[in-house]
>>> print(open('my_file-v9.csv').read())   # CSV, C-alpha atoms and all ligand atoms
chain,number,residue,atom,x,y,z
I,270,MET,CA,-12.9,-22.8,26.9
I,271,VAL,CA,-12.1,-19.2,27.9
I,272,THR,CA,-14.8,-16.8,27.0
I,273,PRO,CA,-14.3,-13.1,26.3
I,274,ASN,CA,-15.9,-10.5,28.6
I,275,PRO,CA,-19.6,-10.6,27.7
I,276,ARG,CA,-19.9,-6.9,28.5
I,277,VAL,CA,-17.5,-6.0,25.7
I,278,ALA,CA,-19.4,-6.1,22.4
I,279,THR,CA,-16.5,-7.6,20.4
I,280,ASP,CA,-18.7,-8.0,17.3
I,281,ALA,CA,-18.6,-4.2,17.0
I,282,LEU,CA,-15.5,-4.5,14.9
I,283,ALA,CA,-16.8,-7.2,12.5
I,284,ASP,CA,-17.1,-4.9,9.5
I,285,ASP,CA,-14.1,-2.8,9.9
I,286,VAL,CA,-13.4,-1.1,6.5
I,287,HIS,CA,-10.9,1.7,5.9
I,288,GLY,CA,-9.1,3.3,3.0
I,289,GLY,CA,-5.7,2.3,2.0
I,290,ALA,CA,-4.5,-0.9,0.2
I,291,ASP,CA,-5.3,-4.3,1.6
I,292,SER,CA,-2.1,-6.4,1.3
I,293,ALA,CA,-4.0,-9.8,0.9
I,294,GLU,CA,-6.1,-8.4,-1.9
I,295,LEU,CA,-3.1,-6.9,-3.7
I,296,GLU,CA,-1.3,-10.3,-3.4
I,297,GLU,CA,-4.3,-12.0,-5.0
I,298,LEU,CA,-4.3,-9.5,-7.9
I,299,GLY,CA,-0.6,-10.0,-8.3
I,300,LEU,CA,0.1,-6.3,-7.5
I,301,ARG,CA,2.9,-5.0,-5.3
I,302,PRO,CA,2.0,-2.0,-3.1
I,303,ASP,CA,4.3,0.2,-5.1
I,304,GLN,CA,2.4,-0.6,-8.3
I,305,VAL,CA,-0.8,0.9,-6.8
I,306,LEU,CA,-1.7,4.6,-6.8
I,307,ASP,CA,-3.7,5.2,-3.6
I,308,PHE,CA,-6.5,7.7,-3.9
I,309,SER,CA,-8.5,5.9,-1.2
I,310,ALA,CA,-6.8,7.3,1.9
I,311,ASN,CA,-7.1,11.0,2.7
I,312,LEU,CA,-3.4,11.6,3.1
I,313,SER,CA,-1.1,14.3,1.8
I,314,PRO,CA,0.5,12.9,-1.4
I,315,PHE,CA,3.7,14.8,-0.6
I,316,GLY,CA,4.6,13.0,2.6
I,317,PRO,CA,6.1,14.5,5.7
I,318,SER,CA,8.6,17.4,5.9
I,319,PRO,CA,12.3,16.6,5.3
I,320,MET,CA,12.8,17.8,8.9
I,321,VAL,CA,10.7,14.8,10.0
I,322,HIS,CA,12.9,12.4,8.3
I,323,LEU,CA,15.9,13.9,10.0
I,324,ALA,CA,14.3,13.9,13.4
I,325,VAL,CA,13.2,10.3,13.1
I,326,ARG,CA,16.8,9.3,12.1
I,327,ARG,CA,18.1,11.0,15.3
I,328,ALA,CA,15.5,9.5,17.6
I,329,ALA,CA,16.7,7.4,20.5
I,330,LEU,CA,15.4,3.9,19.8
I,331,ASP,CA,16.9,2.3,22.9
I,332,ARG,CA,15.0,4.3,25.6
I,333,TYR,CA,11.4,4.3,26.6
I,334,PRO,CA,9.4,7.1,25.1
I,335,ASP,CA,8.3,10.0,27.4
I,336,ARG,CA,5.0,8.6,28.7
I,337,THR,CA,3.5,12.0,28.9
I,338,SER,CA,4.8,13.3,25.5
I,339,ARG,CA,5.6,16.5,27.4
I,340,GLU,CA,7.6,18.4,24.8
I,341,LEU,CA,5.0,17.6,22.1
I,342,ARG,CA,2.1,18.6,24.4
I,343,ARG,CA,3.9,21.9,25.1
I,344,ALA,CA,4.2,22.6,21.4
I,345,LEU,CA,0.6,21.7,20.8
I,346,ALA,CA,-0.6,23.8,23.8
I,347,THR,CA,1.3,26.8,22.3
I,348,ARG,CA,-0.3,26.1,18.9
I,349,HIS,CA,-3.8,26.2,20.4
I,350,GLY,CA,-3.3,28.8,23.1
I,351,VAL,CA,-4.2,26.4,25.9
I,352,ARG,CA,-2.5,24.9,29.0
I,353,GLU,CA,-0.4,21.7,28.7
I,354,GLU,CA,-3.0,19.9,30.9
I,355,GLN,CA,-5.6,20.5,28.2
I,356,VAL,CA,-3.7,18.4,25.6
I,357,LEU,CA,-3.5,14.6,25.3
I,358,VAL,CA,-1.4,13.0,22.6
I,359,GLY,CA,-2.6,9.6,21.2
I,360,ASN,CA,-1.6,6.8,18.8
I,361,GLY,CA,-3.5,8.4,16.0
I,362,SER,CA,-6.7,10.3,16.7
I,363,SER,CA,-8.4,6.9,16.4
I,364,GLU,CA,-6.9,5.9,19.7
I,365,LEU,CA,-8.5,9.0,21.3
I,366,ILE,CA,-11.9,8.2,19.8
I,367,TRP,CA,-11.7,4.8,21.4
I,368,LEU,CA,-10.5,6.1,24.7
I,369,ALA,CA,-13.2,8.8,24.8
I,370,ALA,CA,-15.8,6.0,24.4
I,371,VAL,CA,-14.1,3.9,27.2
I,372,ALA,CA,-14.0,6.9,29.5
I,373,TYR,CA,-17.5,8.2,28.9
I,374,LEU,CA,-19.8,5.4,27.7
I,375,ALA,CA,-21.2,2.4,29.5
I,376,ALA,CA,-23.7,-0.3,28.4
I,377,GLY,CA,-27.1,1.3,27.8
I,378,ASP,CA,-25.8,4.8,27.3
I,379,GLY,CA,-26.7,6.6,24.1
I,380,ALA,CA,-24.3,8.0,21.5
I,381,LEU,CA,-25.3,10.3,18.6
I,382,ILE,CA,-23.4,10.5,15.4
I,383,LEU,CA,-23.6,13.2,12.6
I,384,GLY,CA,-23.3,10.9,9.6
I,385,PRO,CA,-22.4,9.5,7.3
I,386,ALA,CA,-19.2,9.3,9.3
I,387,PHE,CA,-15.8,7.7,10.1
I,388,SER,CA,-16.6,4.1,11.3
I,389,GLY,CA,-14.5,4.5,14.5
I,390,TYR,CA,-17.2,6.4,16.3
I,391,GLU,CA,-19.8,3.7,16.0
I,392,GLN,CA,-17.4,0.9,16.7
I,393,ALA,CA,-16.0,2.5,19.8
I,394,ALA,CA,-19.5,3.3,21.1
I,395,ARG,CA,-20.8,-0.2,20.3
I,396,LEU,CA,-17.8,-1.8,21.9
I,397,MET,CA,-18.9,-0.2,25.1
I,398,GLY,CA,-22.4,-1.5,24.7
I,399,ALA,CA,-23.9,2.0,23.9
I,400,THR,CA,-26.9,2.5,21.7
I,401,VAL,CA,-26.0,4.4,18.6
I,402,TRP,CA,-28.2,6.9,16.7
I,403,THR,CA,-27.1,8.5,13.5
I,404,CYS,CA,-28.4,11.6,11.9
I,405,LYS,CA,-27.3,11.4,8.3
I,406,ALA,CA,-26.7,13.9,5.5
I,407,THR,CA,-28.1,12.8,2.2
I,408,SER,CA,-27.0,13.0,-1.4
I,409,GLU,CA,-30.3,14.7,-2.3
I,410,ASP,CA,-29.2,17.6,0.0
I,411,GLY,CA,-25.6,17.6,-1.5
I,412,PHE,CA,-24.5,16.0,1.8
I,413,CYS,CA,-25.1,19.2,3.7
I,414,PRO,CA,-24.8,18.4,7.4
I,415,PRO,CA,-28.3,18.0,8.9
I,416,LEU,CA,-27.7,20.2,11.9
I,417,ALA,CA,-31.3,21.0,12.7
I,418,ALA,CA,-32.2,17.3,12.9
I,419,PHE,CA,-29.0,16.7,14.9
I,420,ALA,CA,-30.0,19.5,17.4
I,421,LYS,CA,-33.4,17.9,17.8
I,422,GLU,CA,-32.0,14.5,18.5
I,423,LEU,CA,-29.6,16.0,21.0
I,424,SER,CA,-32.4,17.6,23.0
I,425,GLU,CA,-34.8,14.6,22.7
I,426,ARG,CA,-32.3,11.8,23.4
I,427,GLU,CA,-29.7,13.5,25.6
I,428,PRO,CA,-26.9,11.2,24.5
I,429,ARG,CA,-23.9,10.8,26.8
I,430,VAL,CA,-21.6,11.4,23.8
I,431,ALA,CA,-22.1,13.1,20.4
I,432,PHE,CA,-19.6,12.5,17.6
I,433,LEU,CA,-19.3,15.0,14.8
I,434,ALA,CA,-16.5,15.8,12.4
I,435,SER,CA,-15.5,18.9,10.5
I,436,PRO,CA,-14.4,18.6,7.8
I,437,ASN,CA,-16.3,15.3,7.6
I,438,ASN,CA,-15.2,12.0,6.2
I,439,PRO,CA,-16.5,10.8,3.7
I,440,THR,CA,-18.5,13.9,2.6
I,441,GLY,CA,-15.7,16.6,2.8
I,442,GLN,CA,-18.3,19.0,4.3
I,443,THR,CA,-17.5,21.6,7.0
I,444,VAL,CA,-19.5,22.6,10.1
I,445,GLU,CA,-18.3,25.9,11.6
I,446,SER,CA,-16.8,25.3,15.0
I,447,ASP,CA,-18.9,28.1,16.5
I,448,ARG,CA,-22.1,26.2,15.5
I,449,VAL,CA,-20.7,23.1,17.2
I,450,PHE,CA,-19.9,25.1,20.3
I,451,ALA,CA,-23.4,26.6,20.4
I,452,LEU,CA,-24.9,23.1,20.2
I,453,ALA,CA,-22.6,21.8,22.9
I,454,ALA,CA,-23.6,24.8,25.2
I,455,GLN,CA,-27.3,23.7,24.8
I,456,SER,CA,-26.5,20.1,25.8
I,457,PRO,CA,-24.1,20.4,28.8
I,458,ARG,CA,-24.6,16.8,29.8
I,459,THR,CA,-23.3,15.5,26.5
I,460,LEU,CA,-19.6,15.1,25.7
I,461,PHE,CA,-19.0,16.4,22.2
I,462,VAL,CA,-16.2,14.6,20.4
I,463,PHE,CA,-15.5,17.2,17.7
I,464,ASP,CA,-13.3,15.4,15.3
I,465,GLU,CA,-11.1,17.9,13.3
I,466,ALA,CA,-8.7,15.3,11.9
I,467,TYR,CA,-8.9,17.0,8.5
I,468,ALA,CA,-8.8,20.6,9.8
I,469,ASP,CA,-5.2,21.0,8.8
I,470,SER,CA,-6.0,19.7,5.3
I,471,GLU,CA,-8.4,22.6,4.9
I,472,ASP,CA,-6.9,25.6,6.6
I,473,PRO,CA,-4.2,25.2,9.3
I,474,ASP,CA,-4.5,28.9,10.2
I,475,ARG,CA,-8.3,28.9,10.9
I,476,ARG,CA,-9.2,30.5,14.3
I,477,ASP,CA,-12.5,30.1,16.2
I,478,ALA,CA,-14.7,33.2,16.8
I,479,SER,CA,-15.7,31.8,20.2
I,480,ASP,CA,-14.3,29.6,23.0
I,481,PRO,CA,-15.4,26.0,23.2
I,482,PRO,CA,-17.6,25.0,26.1
I,483,GLN,CA,-16.2,22.6,28.7
I,484,ASN,CA,-18.0,19.6,27.2
I,485,VAL,CA,-16.2,19.8,23.8
I,486,LEU,CA,-13.2,17.5,23.1
I,487,ARG,CA,-11.5,18.5,19.9
I,488,LEU,CA,-9.5,15.9,18.1
I,489,ARG,CA,-6.8,16.6,15.6
I,490,SER,CA,-4.6,14.2,13.5
I,491,LEU,CA,-1.1,14.6,12.3
I,492,THR,CA,-1.5,11.6,10.0
I,493,LYS,CA,-3.3,13.4,7.2
I,494,ALA,CA,-2.0,16.8,6.1
I,495,HIS,CA,1.3,16.3,7.9
I,496,GLY,CA,1.8,12.9,6.2
I,497,LEU,CA,2.5,10.8,9.4
I,498,ALA,CA,0.0,8.0,8.8
I,499,GLY,CA,2.7,5.3,9.3
I,500,VAL,CA,3.9,6.6,12.7
I,501,ARG,CA,0.3,7.2,14.1
I,502,LEU,CA,-0.1,10.5,15.8
I,503,GLY,CA,-3.1,12.5,16.9
I,504,TYR,CA,-4.1,14.7,19.8
I,505,GLY,CA,-7.1,16.0,21.8
I,506,VAL,CA,-7.6,19.4,23.2
I,507,GLY,CA,-10.3,20.1,25.8
I,508,ASN,CA,-11.2,20.8,29.4
I,509,GLU,CA,-8.6,19.6,31.9
I,510,ASP,CA,-11.0,17.2,33.6
I,511,VAL,CA,-12.1,15.6,30.3
I,512,ILE,CA,-8.5,15.2,29.2
I,513,ALA,CA,-7.6,13.7,32.6
I,514,ALA,CA,-10.5,11.2,32.4
I,515,ILE,CA,-9.5,10.1,29.0
I,516,LYS,CA,-5.8,10.0,29.8
I,517,ALA,CA,-6.6,7.6,32.7
I,518,THR,CA,-7.8,5.0,30.2
I,519,GLN,CA,-4.7,5.3,27.9
I,520,PRO,CA,-2.1,2.4,27.9
I,521,PRO,CA,1.4,3.5,28.9
I,522,TRP,CA,3.8,4.4,26.1
I,523,SER,CA,1.1,4.3,23.4
I,524,VAL,CA,2.8,7.2,21.6
I,525,ASN,CA,6.3,6.0,20.7
I,526,THR,CA,9.5,8.0,20.5
I,527,LEU,CA,9.5,8.2,16.7
I,528,ALA,CA,6.0,9.6,16.7
I,529,GLN,CA,6.8,12.2,19.3
I,530,GLU,CA,10.0,13.3,17.5
I,531,ALA,CA,8.2,13.3,14.1
I,532,GLY,CA,5.3,15.3,15.5
I,533,LEU,CA,7.6,18.0,17.0
I,534,ALA,CA,9.5,18.3,13.7
I,535,ALA,CA,6.3,18.4,11.6
I,536,LEU,CA,4.8,21.2,13.8
I,537,ALA,CA,8.1,23.2,13.6
I,538,ASP,CA,8.0,23.1,9.8
I,539,GLY,CA,4.7,25.0,9.2
I,540,PRO,CA,5.8,26.5,5.9
I,541,TYR,CA,6.3,23.0,4.4
I,542,VAL,CA,2.8,21.9,5.2
I,543,LYS,CA,1.3,25.2,4.0
I,544,ASP,CA,3.2,24.8,0.7
I,545,CYS,CA,2.0,21.2,0.3
I,546,LEU,CA,-1.6,22.3,1.0
I,547,VAL,CA,-1.4,25.0,-1.7
I,548,ARG,CA,-0.2,22.4,-4.3
I,549,TRP,CA,-2.6,19.8,-3.0
I,550,ALA,CA,-5.6,22.2,-3.3
I,551,ALA,CA,-4.6,23.3,-6.8
I,552,ALA,CA,-4.2,19.6,-7.9
I,553,LYS,CA,-7.7,18.9,-6.5
I,554,THR,CA,-9.3,21.9,-8.2
I,555,GLU,CA,-7.8,20.8,-11.5
I,556,LEU,CA,-8.8,17.1,-11.0
I,557,VAL,CA,-12.4,18.1,-10.2
I,558,ALA,CA,-12.5,20.3,-13.4
I,559,TRP,CA,-11.1,17.4,-15.5
I,560,LEU,CA,-13.7,15.1,-14.0
I,561,ARG,CA,-16.6,17.5,-14.7
I,562,GLN,CA,-15.4,18.0,-18.2
I,563,ALA,CA,-15.3,14.3,-18.8
I,564,GLY,CA,-18.9,14.0,-17.6
I,565,PHE,CA,-18.5,12.8,-14.1
I,566,ALA,CA,-20.2,14.5,-11.1
I,567,PRO,CA,-17.8,15.0,-8.2
I,568,VAL,CA,-19.6,16.3,-5.1
I,569,PRO,CA,-18.3,19.8,-3.9
I,570,SER,CA,-16.1,19.6,-0.8
I,571,THR,CA,-13.9,21.8,1.3
I,572,VAL,CA,-10.9,19.4,1.5
I,573,PRO,CA,-8.7,17.5,-1.0
I,574,PHE,CA,-11.1,14.5,-1.0
I,575,PHE,CA,-14.6,14.2,-2.4
I,576,LEU,CA,-17.4,11.8,-3.1
I,577,MET,CA,-18.3,10.9,-6.7
I,578,PRO,CA,-21.4,9.0,-7.8
I,579,VAL,CA,-20.9,5.7,-9.7
I,580,ALA,CA,-23.2,2.9,-10.8
I,581,ASP,CA,-21.8,0.4,-8.3
I,582,ALA,CA,-19.0,1.4,-5.9
I,583,ALA,CA,-17.6,-2.1,-5.3
I,584,HIS,CA,-17.5,-2.8,-9.0
I,585,ALA,CA,-15.9,0.6,-9.8
I,586,ARG,CA,-13.2,0.1,-7.2
I,587,SER,CA,-12.4,-3.4,-8.5
I,588,ALA,CA,-12.2,-2.2,-12.1
I,589,LEU,CA,-9.9,0.6,-11.2
I,590,LEU,CA,-7.7,-1.5,-8.9
I,591,ARG,CA,-7.0,-3.9,-11.8
I,592,ARG,CA,-5.4,-0.9,-13.4
I,593,GLY,CA,-3.4,0.0,-10.3
I,594,ILE,CA,-5.7,2.8,-9.2
I,595,LEU,CA,-7.3,2.5,-5.7
I,596,VAL,CA,-10.4,4.5,-4.7
I,597,ARG,CA,-12.6,4.1,-1.6
I,598,ASP,CA,-15.7,2.1,-2.1
I,599,CYS,CA,-18.2,3.9,0.1
I,600,THR,CA,-20.6,1.0,0.6
I,601,SER,CA,-19.4,0.7,4.2
I,602,PHE,CA,-20.7,4.3,4.7
I,603,SER,CA,-24.1,3.1,3.3
I,604,LEU,CA,-23.3,4.9,0.1
I,605,PRO,CA,-23.0,2.0,-2.4
I,606,HIS,CA,-23.3,4.3,-5.3
I,607,PHE,CA,-20.4,6.6,-4.4
I,608,VAL,CA,-16.6,6.3,-4.3
I,609,ARG,CA,-14.4,8.7,-2.4
I,610,ILE,CA,-11.4,10.1,-4.1
I,611,SER,CA,-8.5,11.9,-2.4
I,612,SER,CA,-6.5,14.0,-4.8
I,613,ARG,CA,-2.9,13.3,-5.3
I,614,GLY,CA,-0.4,15.4,-7.3
I,615,LYS,CA,-1.2,16.6,-10.9
I,616,ASP,CA,0.6,13.7,-12.8
I,617,GLU,CA,-0.9,11.0,-10.6
I,618,ASN,CA,-4.4,12.6,-10.9
I,619,ALA,CA,-4.0,12.4,-14.7
I,620,ARG,CA,-3.5,8.7,-14.4
I,621,LEU,CA,-6.7,8.4,-12.3
I,622,VAL,CA,-8.7,10.3,-15.0
I,623,ASP,CA,-7.2,8.1,-17.7
I,624,ALA,CA,-8.2,5.0,-15.8
I,625,LEU,CA,-11.8,6.4,-15.2
I,626,LEU,CA,-12.2,7.1,-18.9
I,627,ALA,CA,-11.0,3.6,-19.8
I,628,THR,CA,-13.5,2.0,-17.3
I,629,ARG,CA,-16.3,4.5,-17.8
I,630,ALA,CA,-18.6,2.3,-19.9
I,631,GLU,CA,-18.1,-0.7,-17.6
I,632,VAL,CA,-18.7,0.8,-14.2
I,633,VAL,CA,-19.2,4.5,-13.9
I,634,SER,CA,-22.5,6.3,-14.2
I,635,CYS,CA,-22.0,9.8,-15.6
I,636,ASN,CA,-24.5,12.2,-14.2
I,637,GLY,CA,-22.7,15.3,-15.1
I,701,LIG,C1,-12.8,11.7,10.4
I,701,LIG,C2,-11.6,10.8,10.9
I,701,LIG,N1,-11.2,10.9,12.1
I,701,LIG,C3,-10.2,10.2,12.6
I,701,LIG,C4,-9.5,9.3,11.8
I,701,LIG,C5,-8.4,8.6,12.4
I,701,LIG,O1,-7.1,9.1,11.9
I,701,LIG,P1,-5.8,8.8,12.6
I,701,LIG,O2,-6.0,7.7,13.6
I,701,LIG,O3,-4.9,8.4,11.5
I,701,LIG,O4,-5.4,10.1,13.3
I,701,LIG,C6,-9.9,9.2,10.5
I,701,LIG,C7,-9.2,8.3,9.6
I,701,LIG,O5,-9.5,8.0,8.5
I,701,LIG,C8,-11.0,10.0,10.0
I,701,LIG,O6,-11.4,9.9,8.7
>>> encode(input="my_file-v9.csv", output="structure tokens")
Amino acid sequence: MVTPNPRVATDALADDVHGGADSAELEELGLRPDQVLDFSANLSPFGPSPMVHLAVRRAALDRYPDRTSRELRRALATRHGVREEQVLVGNGSSELIWLAAVAYLAAGDGALILGPAFSGYEQAARLMGATVWTCKATSEDGFCPPLAAFAKELSEREPRVAFLASPNNPTGQTVESDRVFALAAQSPRTLFVFDEAYADSEDPDRRDASDPPQNVLRLRSLTKAHGLAGVRLGYGVGNEDVIAAIKATQPPWSVNTLAQEAGLAALADGPYVKDCLVRWAAAKTELVAWLRQAGFAPVPSTVPFFLMPVADAAHARSALLRRGILVRDCTSFSLPHFVRISSRGKDENARLVDALLATRAEVVSCNG
């Protein structure tokens, strides 16, 4: 019998739960994927720019991709006003979260997470055998990020890596980058994985007031606001040595040609994304107003997704899914009384509200 490497905590992935439809579950319910409206994944409902479709059609399928994603890194370096060597492209930002853990964590090290948070941080840290501490926002505080408690844990525990996201999943709350940079400056021996996967879903033009310290690795995703979830594309920006350390752990060709071409075309069509964001934000504002009017209590957020209290999240999800509406059960975030809803366009949102009204008595607690 061949046994896996005992130093790799393979059980870290046991409870892997994400948004998006589960093909086996849909089959069991007799639903085809095109019969389900997905409000569970935080992705632009408008899909990628038409320029992306063109670029992907023209991409060379019969050659190896550029292993260094050079052209794309150049475009990203220009976008962020940094050198090419400060940018690493990955197979989704998820890959870079994993690789940051591989490069910076070993068994017995500590990792601190500002929670509740995307499961990838804890999984990656646990996979490397690290001890994980989480500092969690609570519903009682409106899910306001507990930065004072986080700062205290940083100074007391001195973790090797700290993970925090802004805007955060699932809460949709923002932490100003300058506050993160100040925390990082006070903990120079900790690598700050500052996950900004949803920054473009909030404001693609936002600029920092200060420069990040050397120990901050910023992660961005092109799968969300740019609509490239299927091709998988994300990137990291940081100090050259940090980027080089993480790059050393990356498998060759992990970012394929379609992803590189799609990314270049998406970045070149800034006006398309901005137009989508305006429509997306308007649809979300209207959806939240409809929900409040109907007596639900969506939690305020800075992005097109938000939490909403229900009596039992697993039950609410099942009841809605039977009607072809998919929301995210937040039990895996230790929030069994919340679902996460990502706005779609106006007409689709109206179908969600209809389904919620039809299932209200059965599953939803109305606190509003
Ligand atoms: C906060 C956060 N970071 C990173 C990711 C990973 O995104 P991707 O790998 O698609 O770039 C997700 C996905 O849901 C997320 O919610």
>>> residues_near_ligand(input="my_file-v9.csv", ligand="ligand LIG 701 (chain I)", cutoff="10 Å", atoms="all atoms listed in the file", output="PyMOL selection string")
chain I and resi 287-289+309-312+359-366+386-390+432-441+463-468+488-493+496-504
>>> closest_residue(input="my_file-v9.csv", among="I:Ala494, I:Ala534, I:Cys413, I:Leu396", to="I:Val547", atoms="all atoms listed in the file")
I:Ala494
>>> residues_around(input="my_file-v9.csv", residues="I:Ala551", least_positions_apart="6", cutoff="12 Å", atoms="all atoms listed in the file", output="PyMOL selection string")
chain I and resi 544-545+557-558+572-573+612-615+618
>>> residues_near_point(input="my_file-v9.csv", point="(-26.1, 4.1, -1.6)", cutoff="12 Å", atoms="all atoms listed in the file", output="list of chain:residue names")
I:Pro385, I:Thr407, I:Ser408, I:Glu409, I:Leu576, I:Met577, I:Pro578, I:Val579, I:Ala580, I:Asp581, I:Ala582, I:Ala583, I:Asp598, I:Cys599, I:Thr600, I:Ser601, I:Phe602, I:Ser603, I:Leu604, I:Pro605, I:His606, I:Phe607, I:Val608
>>> residues_around(input="my_file-v9.csv", residues="I:Ala619", least_positions_apart="6", cutoff="12 Å", atoms="only C-alpha atoms", output="PyMOL selection string")
chain I and resi 306+552-553+555-560+594+612-613+625-626
>>> atom_distance(input="my_file-v9.csv", atom1="atom CA of I:Val356", atom2="atom CA of I:Arg342")
5.9 Å
>>> closest_residue(input="my_file-v9.csv", among="I:Pro428, I:Gly398, I:Gly411, I:Pro482", to="I:Ala454", atoms="all atoms listed in the file")
I:Pro482
>>> atom_distance(input="my_file-v9.csv", atom1="atom CA of I:Phe565", atom2="atom CA of I:Pro314")
22.9 Å
>>> closest_residue(input="my_file-v9.csv", among="I:Val321, I:Ala418, I:Ala513, I:Ala399", to="I:Gly384", atoms="all atoms listed in the file")
I:Ala418
>>> atom_distance(input="my_file-v9.csv", atom1="atom CA of I:Arg326", atom2="atom CA of I:Leu527")
8.7 Å
>>> closest_residue(input="my_file-v9.csv", among="I:Ala451, I:Leu330, I:Val622, I:Ile512", to="I:Arg561", atoms="all atoms listed in the file")
I:Val622
>>> residues_near_point(input="my_file-v9.csv", point="(-4.7, 19.0, 29.8)", cutoff="12 Å", atoms="all atoms listed in the file", output="PyMOL selection string")
chain I and resi 337-339+342-343+345-346+349-358+486+504-517
>>> residues_around(input="my_file-v9.csv", residues="stretch 474-480 of chain I", least_positions_apart="4", cutoff="9 Å", atoms="all atoms listed in the file", output="number ranges by chain")
I: 445-447, 450, 468-469
>>> closest_residue(input="my_file-v9.csv", among="I:Val462, I:Ala393, I:Ala406, I:Leu590", to="I:Asp285", atoms="only C-alpha atoms")
I:Ala393
>>> build_atoms(input="my_file-v9.csv", residues="stretch 536-551 of chain I", atoms="N, CA and C atoms", output="PDB file, in the frame of the given file")
ATOM      1  N   LEU I 536       5.446  19.930  13.323  1.00  0.00           N
ATOM      2  CA  LEU I 536       4.800  21.200  13.800  1.00  0.00           C
ATOM      3  C   LEU I 536       5.790  22.360  13.592  1.00  0.00           C
ATOM      4  N   ALA I 537       7.090  22.062  13.749  1.00  0.00           N
ATOM      5  CA  ALA I 537       8.100  23.200  13.600  1.00  0.00           C
ATOM      6  C   ALA I 537       8.220  23.609  12.174  1.00  0.00           C
ATOM      7  N   ASP I 538       7.847  22.754  11.219  1.00  0.00           N
ATOM      8  CA  ASP I 538       8.000  23.100   9.800  1.00  0.00           C
ATOM      9  C   ASP I 538       6.664  23.489   9.177  1.00  0.00           C
ATOM     10  N   GLY I 539       6.029  24.497   9.763  1.00  0.00           N
ATOM     11  CA  GLY I 539       4.700  25.000   9.200  1.00  0.00           C
ATOM     12  C   GLY I 539       4.766  25.347   7.773  1.00  0.00           C
ATOM     13  N   PRO I 540       5.819  26.062   7.309  1.00  0.00           N
ATOM     14  CA  PRO I 540       5.800  26.500   5.900  1.00  0.00           C
ATOM     15  C   PRO I 540       5.773  25.284   4.936  1.00  0.00           C
ATOM     16  N   TYR I 541       6.391  24.160   5.323  1.00  0.00           N
ATOM     17  CA  TYR I 541       6.300  23.000   4.400  1.00  0.00           C
ATOM     18  C   TYR I 541       4.899  22.527   4.234  1.00  0.00           C
ATOM     19  N   VAL I 542       4.164  22.381   5.345  1.00  0.00           N
ATOM     20  CA  VAL I 542       2.800  21.900   5.200  1.00  0.00           C
ATOM     21  C   VAL I 542       1.932  22.880   4.439  1.00  0.00           C
ATOM     22  N   LYS I 543       2.148  24.173   4.689  1.00  0.00           N
ATOM     23  CA  LYS I 543       1.300  25.200   4.000  1.00  0.00           C
ATOM     24  C   LYS I 543       1.613  25.090   2.466  1.00  0.00           C
ATOM     25  N   ASP I 544       2.884  24.938   2.109  1.00  0.00           N
ATOM     26  CA  ASP I 544       3.200  24.800   0.700  1.00  0.00           C
ATOM     27  C   ASP I 544       2.584  23.592   0.074  1.00  0.00           C
ATOM     28  N   CYS I 545       2.644  22.470   0.810  1.00  0.00           N
ATOM     29  CA  CYS I 545       2.000  21.200   0.300  1.00  0.00           C
ATOM     30  C   CYS I 545       0.517  21.436   0.112  1.00  0.00           C
ATOM     31  N   LEU I 546      -0.110  22.141   1.070  1.00  0.00           N
ATOM     32  CA  LEU I 546      -1.600  22.300   1.000  1.00  0.00           C
ATOM     33  C   LEU I 546      -1.944  23.151  -0.246  1.00  0.00           C
ATOM     34  N   VAL I 547      -1.137  24.160  -0.552  1.00  0.00           N
ATOM     35  CA  VAL I 547      -1.400  25.000  -1.700  1.00  0.00           C
ATOM     36  C   VAL I 547      -1.364  24.123  -2.981  1.00  0.00           C
ATOM     37  N   ARG I 548      -0.310  23.287  -3.066  1.00  0.00           N
ATOM     38  CA  ARG I 548      -0.200  22.400  -4.300  1.00  0.00           C
ATOM     39  C   ARG I 548      -1.269  21.382  -4.310  1.00  0.00           C
ATOM     40  N   TRP I 549      -1.603  20.865  -3.126  1.00  0.00           N
ATOM     41  CA  TRP I 549      -2.600  19.800  -3.000  1.00  0.00           C
ATOM     42  C   TRP I 549      -3.997  20.368  -3.466  1.00  0.00           C
ATOM     43  N   ALA I 550      -4.319  21.576  -2.957  1.00  0.00           N
ATOM     44  CA  ALA I 550      -5.600  22.200  -3.300  1.00  0.00           C
ATOM     45  C   ALA I 550      -5.688  22.494  -4.780  1.00  0.00           C
ATOM     46  N   ALA I 551      -4.569  22.964  -5.360  1.00  0.00           N
ATOM     47  CA  ALA I 551      -4.600  23.300  -6.800  1.00  0.00           C
ATOM     48  C   ALA I 551      -4.771  21.995  -7.613  1.00  0.00           C
TER      49      ALA I 551
END
